[in-house]
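Trainee: My questions will all concern the structure given below.
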Amino acid sequence: MTDGPERTAQAEADLPDEERIPPEKIVAVPVRHPGRWVAAGVLLVLAAMLANSLLTNPAWRWDVVWRFMFNQRVINGLFLTIELTLLAMVIGIVLGVIIAVMRLSPNPIVSTIAWVYAWFFRGTPVLVQVIFWSFIAILYPVISLGIPFGPEFLFFDANLLIPIFVGAVLGFGLNEAAYMSEIVRAGILSVDSGQTEAAEALGMTRLKILRRIVLPQAMRVIIPPTGNETISMLKTTSLASVIAVGDLFTEVQLIYGGNLQQIPLLVVASIWYLVLTSLLSVAQFFIERRYSRGAVPSRQGGVFGFGRPKSGSA
């Protein structure tokens with residue numbers, strides 16, 4: 001039997017333990033990433049410069065910021081912003097589900113109408129839609145109900161039926177429904193069609209299949225973009241200042257229009273928007289984790305999705 005490098009693997013395996021050649025130890029040298037430390041240093045310097053500017057620049061007028069932070073007018077605008085966001089999202093989600101189901105309908109007329117709806121409301125600016133609904137009384141001073149192309153029985157004053165606030169809700173809600181319909185449609189299409197076929201074979205109706213089988217599984221795909229849409233809607237409501245609804249941004253504008261403290265009052269609005277979006281982000285995280293059980297790790301990216309996953313997590 002040969003020794004040294006000519007020894008075969010089989011011969012090495014046949015030798016007693018005391019005669020085997022010990023394997024060489026592997027010394028792992030981590031890869032150096034100097035660019036990361038340079039980038040981290042640059043970011044720290046920029047962050048320090050920003051903090052120094054916030055603390056030392058008197059133009060920020062932090063005394064004015066804290067004085068108006070809990071001003072009653074600002075708080076009233078804050079609650080109206082929340083109300084506007086919730087109502088618009090309720091309309092958007094409910095109508096979006098209906099439009100998504102219509103898009104997937106085998107009836108070509110129904111699916112075409114749903115496609116046209118999404119095309120129109122996604123293709124025109126939301127600000128234009130808000131203004132249009134707020135002044136709908138110019139086109140239709142009286143809104144009536146009755147038999148199509150026949151006699152009318154009920155009449156409503158459009159200015160009373162659709163005031164400025166309702167017009168803003170309709171503008172935001174109907175626009176949001178177009179985007180939500182695409183989100184819901186993507187979620188429905190993510191569910192394997194075989195499950196629908198199996199449910200139909202059991203005699204379940206299409207509505208029951210959608211409610212009991214398809215939508216619960218599609219929620220895993222629907223929830224993340226819906227949370228993003230809600231956060232976006234919260235900030236989009238600031239466009240209602242154009243029609244003077246009285247939301248947070250409108251009230252801030254009215255205040256700094258009187259005292260000329262534009263920057264401090266804009267900081268007040270920004271802080272409140274940051275607080276609300278942060279709360280929505282936390283809620284979105286827990287809802288996503290609830291609907292992702294059994295599909296993805298519950299802490300795949302650290303707390304609230306940031307950071308590295310834990311070692312050994314599946």
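If you're wondering about the labels, chains in the structure tokens are A, B, ... by order shown, residues count from 1 in each chain, ligands from 1 in order shown.
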Write out as an MDAnalysis selection string which residues come within 12 Å of stretch 240-243 of chain A when counting only C-alpha atoms, dropping same-chain ones fewer than 2 positions away.
Mentor: chainID A and resid 77 80:81 84:85 126:135 163:172 233:238 245:254
Trainee: Please produce a file of the residues just selected, as a CSV table (one decimal), in the first residue's frame, where the atoms kept are C-alpha atoms.
Mentor:
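The result, stored in selection26.csv:
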```csv
chain,number,residue,atom,x,y,z
A,77,GLY,CA,-58.2,69.0,11.1
A,80,LEU,CA,-61.2,65.1,9.8
A,81,THR,CA,-58.2,63.8,7.9
A,84,LEU,CA,-61.7,61.3,5.2
A,85,THR,CA,-59.1,58.5,4.9
A,126,VAL,CA,-57.3,62.4,-8.4
A,127,LEU,CA,-57.3,66.1,-7.8
A,128,VAL,CA,-59.5,66.6,-10.9
A,129,GLN,CA,-61.9,64.0,-9.7
A,130,VAL,CA,-62.2,65.6,-6.2
A,131,ILE,CA,-62.9,69.0,-7.7
A,132,PHE,CA,-65.4,67.5,-10.2
A,133,TRP,CA,-67.4,65.7,-7.5
A,134,SER,CA,-67.4,68.7,-5.2
A,135,PHE,CA,-68.9,70.9,-8.0
A,163,PRO,CA,-71.7,68.9,-0.1
A,164,ILE,CA,-68.0,69.7,-0.3
A,165,PHE,CA,-66.9,67.0,2.2
A,166,VAL,CA,-69.0,64.3,0.5
A,167,GLY,CA,-67.6,65.3,-2.9
A,168,ALA,CA,-64.0,64.9,-1.5
A,169,VAL,CA,-65.0,61.4,-0.1
A,170,LEU,CA,-66.4,60.4,-3.5
A,171,GLY,CA,-63.4,61.7,-5.4
A,172,PHE,CA,-60.9,59.9,-3.2
A,233,MET,CA,-54.5,57.8,0.9
A,234,LEU,CA,-53.8,59.5,4.3
A,235,LYS,CA,-51.3,61.8,2.6
A,236,THR,CA,-53.4,62.2,-0.5
A,237,THR,CA,-56.2,63.7,1.5
A,238,SER,CA,-54.1,66.9,1.8
A,245,VAL,CA,-62.6,70.8,3.3
A,246,GLY,CA,-60.9,71.6,6.7
A,247,ASP,CA,-58.5,68.7,6.9
A,248,LEU,CA,-55.1,68.9,8.7
A,249,PHE,CA,-53.3,70.5,5.8
A,250,THR,CA,-56.1,73.0,5.2
A,251,GLU,CA,-56.1,74.1,8.9
A,252,VAL,CA,-52.4,74.5,8.9
A,253,GLN,CA,-52.6,76.6,5.7
A,254,LEU,CA,-55.2,78.9,7.3
```
Trainee: Which residues are close to A:Arg67, i.e. within 10 Å by only C-alpha atoms, leaving aside same-chain residues fewer than 5 positions away? Reply as a count of residues only.
Mentor: 4
Trainee: Can you check which residues of stretch 60-267 of chain A DSSP gives as helix (DSSP H, G or I) on the backbone and send them as a ChimeraX atom specification?
Mentor: /A:60,62-68,72-103,108-123,126-134,136-138,158-161,164-189,193-201,206-243,248-259,262-267
Trainee: Keeping only C-alpha atoms, take the residues you just selected and write them out as a short mmCIF file (atom, residue, chain, number, x, y, z; two decimals), in the first residue's frame.
Mentor:
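That gives us out-v4.cif:
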```
data_model
loop_
_atom_site.label_atom_id
_atom_site.label_comp_id
_atom_site.auth_asym_id
_atom_site.auth_seq_id
_atom_site.Cartn_x
_atom_site.Cartn_y
_atom_site.Cartn_z
CA TRP A 60 -37.13 76.32 12.29
CA TRP A 62 -39.40 75.06 17.36
CA ASP A 63 -41.15 77.22 19.93
CA VAL A 64 -43.89 77.93 17.36
CA VAL A 65 -44.02 74.23 16.43
CA TRP A 66 -44.69 73.12 20.01
CA ARG A 67 -47.16 75.95 20.57
CA PHE A 68 -49.35 74.83 17.66
CA GLN A 72 -57.55 72.87 18.69
CA ARG A 73 -57.83 73.79 15.02
CA VAL A 74 -54.96 71.45 14.15
CA ILE A 75 -56.52 68.61 16.17
CA ASN A 76 -59.89 69.15 14.49
CA GLY A 77 -58.21 68.99 11.08
CA LEU A 78 -56.36 65.86 12.18
CA PHE A 79 -59.58 64.03 13.05
CA LEU A 80 -61.21 65.13 9.81
CA THR A 81 -58.20 63.79 7.88
CA ILE A 82 -58.60 60.43 9.63
CA GLU A 83 -62.33 60.41 8.88
CA LEU A 84 -61.72 61.28 5.24
CA THR A 85 -59.13 58.50 4.94
CA LEU A 86 -61.34 55.84 6.53
CA LEU A 87 -64.42 56.68 4.44
CA ALA A 88 -62.44 56.81 1.20
CA MET A 89 -60.74 53.47 1.92
CA VAL A 90 -64.04 51.79 2.83
CA ILE A 91 -65.52 52.91 -0.49
CA GLY A 92 -62.33 51.95 -2.32
CA ILE A 93 -62.06 48.47 -0.81
CA VAL A 94 -65.74 47.51 -1.14
CA LEU A 95 -66.11 48.87 -4.66
CA GLY A 96 -62.67 47.54 -5.60
CA VAL A 97 -63.68 43.98 -4.70
CA ILE A 98 -66.84 44.34 -6.79
CA ILE A 99 -64.91 45.74 -9.78
CA ALA A 100 -62.30 42.97 -9.48
CA VAL A 101 -64.97 40.26 -9.53
CA MET A 102 -66.58 41.96 -12.52
CA ARG A 103 -63.21 42.01 -14.32
CA PRO A 108 -67.81 40.15 -21.75
CA ILE A 109 -70.13 43.10 -21.11
CA VAL A 110 -69.59 42.99 -17.33
CA SER A 111 -65.82 42.57 -17.63
CA THR A 112 -65.58 45.37 -20.21
CA ILE A 113 -67.51 47.82 -18.00
CA ALA A 114 -65.18 47.00 -15.09
CA TRP A 115 -62.13 47.51 -17.31
CA VAL A 116 -63.43 50.88 -18.53
CA TYR A 117 -64.03 51.97 -14.92
CA ALA A 118 -60.46 51.13 -13.91
CA TRP A 119 -59.08 52.71 -17.08
CA PHE A 120 -60.94 55.99 -16.57
CA PHE A 121 -60.36 56.51 -12.84
CA ARG A 122 -56.70 55.49 -13.00
CA GLY A 123 -56.13 57.62 -16.07
CA VAL A 126 -57.33 62.38 -8.39
CA LEU A 127 -57.34 66.15 -7.82
CA VAL A 128 -59.48 66.62 -10.93
CA GLN A 129 -61.90 63.97 -9.67
CA VAL A 130 -62.16 65.57 -6.23
CA ILE A 131 -62.94 68.99 -7.71
CA PHE A 132 -65.39 67.47 -10.20
CA TRP A 133 -67.45 65.70 -7.52
CA SER A 134 -67.35 68.73 -5.25
CA ILE A 136 -71.19 68.23 -9.53
CA ALA A 137 -74.18 70.52 -8.87
CA ILE A 138 -73.04 72.69 -11.77
CA ALA A 158 -77.34 68.31 -5.50
CA ASN A 159 -75.75 70.98 -3.31
CA LEU A 160 -77.41 69.46 -0.25
CA LEU A 161 -76.98 65.85 -1.31
CA ILE A 164 -67.95 69.68 -0.31
CA PHE A 165 -66.93 66.99 2.20
CA VAL A 166 -69.01 64.28 0.48
CA GLY A 167 -67.56 65.35 -2.86
CA ALA A 168 -64.04 64.88 -1.49
CA VAL A 169 -64.95 61.43 -0.11
CA LEU A 170 -66.42 60.39 -3.47
CA GLY A 171 -63.42 61.71 -5.37
CA PHE A 172 -60.90 59.85 -3.21
CA GLY A 173 -63.02 56.71 -2.77
CA LEU A 174 -63.95 56.17 -6.42
CA ASN A 175 -60.37 56.78 -7.50
CA GLU A 176 -59.08 54.35 -4.89
CA ALA A 177 -61.55 51.69 -6.03
CA ALA A 178 -59.85 51.55 -9.43
CA TYR A 179 -56.48 50.75 -7.84
CA MET A 180 -57.96 48.36 -5.27
CA SER A 181 -59.70 46.43 -8.05
CA GLU A 182 -56.31 45.61 -9.58
CA ILE A 183 -54.89 44.63 -6.19
CA VAL A 184 -57.84 42.35 -5.43
CA ARG A 185 -57.76 40.88 -8.93
CA ALA A 186 -54.09 40.00 -8.51
CA GLY A 187 -54.87 38.34 -5.17
CA ILE A 188 -57.72 36.30 -6.64
CA LEU A 189 -55.57 35.17 -9.57
CA SER A 193 -57.80 27.58 -10.04
CA GLY A 194 -58.04 23.93 -9.09
CA GLN A 195 -59.50 24.88 -5.74
CA THR A 196 -62.32 26.76 -7.45
CA GLU A 197 -62.99 23.81 -9.71
CA ALA A 198 -63.07 21.45 -6.74
CA ALA A 199 -65.50 23.73 -4.89
CA GLU A 200 -67.75 23.93 -7.94
CA ALA A 201 -67.73 20.13 -8.13
CA ARG A 206 -69.62 31.29 -7.04
CA LEU A 207 -70.32 33.77 -4.26
CA LYS A 208 -69.69 31.18 -1.57
CA ILE A 209 -66.50 30.03 -3.27
CA LEU A 210 -65.29 33.62 -3.38
CA ARG A 211 -66.17 34.28 0.26
CA ARG A 212 -65.10 30.99 1.85
CA ILE A 213 -62.20 29.78 -0.30
CA VAL A 214 -60.71 32.35 -2.66
CA LEU A 215 -60.64 35.60 -0.67
CA PRO A 216 -59.23 34.12 2.59
CA GLN A 217 -56.26 32.76 0.64
CA ALA A 218 -55.93 35.87 -1.51
CA MET A 219 -55.64 38.09 1.58
CA ARG A 220 -51.97 37.15 1.86
CA VAL A 221 -51.39 38.93 -1.45
CA ILE A 222 -53.97 41.68 -0.98
CA ILE A 223 -53.01 42.98 2.49
CA PRO A 224 -49.50 44.44 1.82
CA PRO A 225 -50.48 46.71 -1.12
CA THR A 226 -53.75 47.61 0.63
CA GLY A 227 -51.76 48.84 3.62
CA ASN A 228 -49.60 50.89 1.30
CA GLU A 229 -52.69 52.33 -0.38
CA THR A 230 -54.11 53.32 3.03
CA ILE A 231 -50.92 55.13 3.98
CA SER A 232 -50.87 56.82 0.59
CA MET A 233 -54.53 57.83 0.95
CA LEU A 234 -53.80 59.45 4.32
CA LYS A 235 -51.32 61.77 2.64
CA THR A 236 -53.38 62.20 -0.52
CA THR A 237 -56.21 63.71 1.53
CA SER A 238 -54.09 66.86 1.76
CA LEU A 239 -55.30 67.60 -1.78
CA ALA A 240 -58.68 68.37 -0.22
CA SER A 241 -57.18 71.71 0.83
CA VAL A 242 -57.92 72.88 -2.73
CA ILE A 243 -61.65 72.79 -1.95
CA LEU A 248 -55.15 68.88 8.70
CA PHE A 249 -53.29 70.54 5.85
CA THR A 250 -56.11 73.02 5.22
CA GLU A 251 -56.14 74.13 8.86
CA VAL A 252 -52.36 74.49 8.88
CA GLN A 253 -52.55 76.63 5.74
CA LEU A 254 -55.21 78.87 7.30
CA ILE A 255 -53.12 79.31 10.44
CA TYR A 256 -49.88 80.24 8.70
CA GLY A 257 -51.85 82.45 6.34
CA GLY A 258 -52.61 84.59 9.39
CA ASN A 259 -49.30 84.52 11.30
CA GLN A 262 -45.14 78.82 7.12
CA ILE A 263 -42.17 76.57 8.00
CA PRO A 264 -43.11 75.87 11.65
CA LEU A 265 -46.72 75.10 10.72
CA LEU A 266 -45.63 72.81 7.89
CA VAL A 267 -43.43 71.01 10.39
#
```
Trainee: If you run DSSP over the backbone, which residues in stretch 117-278 of chain A end up strand (DSSP E)? Put them as a PyMOL selection string.
Mentor: chain A and resi 142-146+152-157
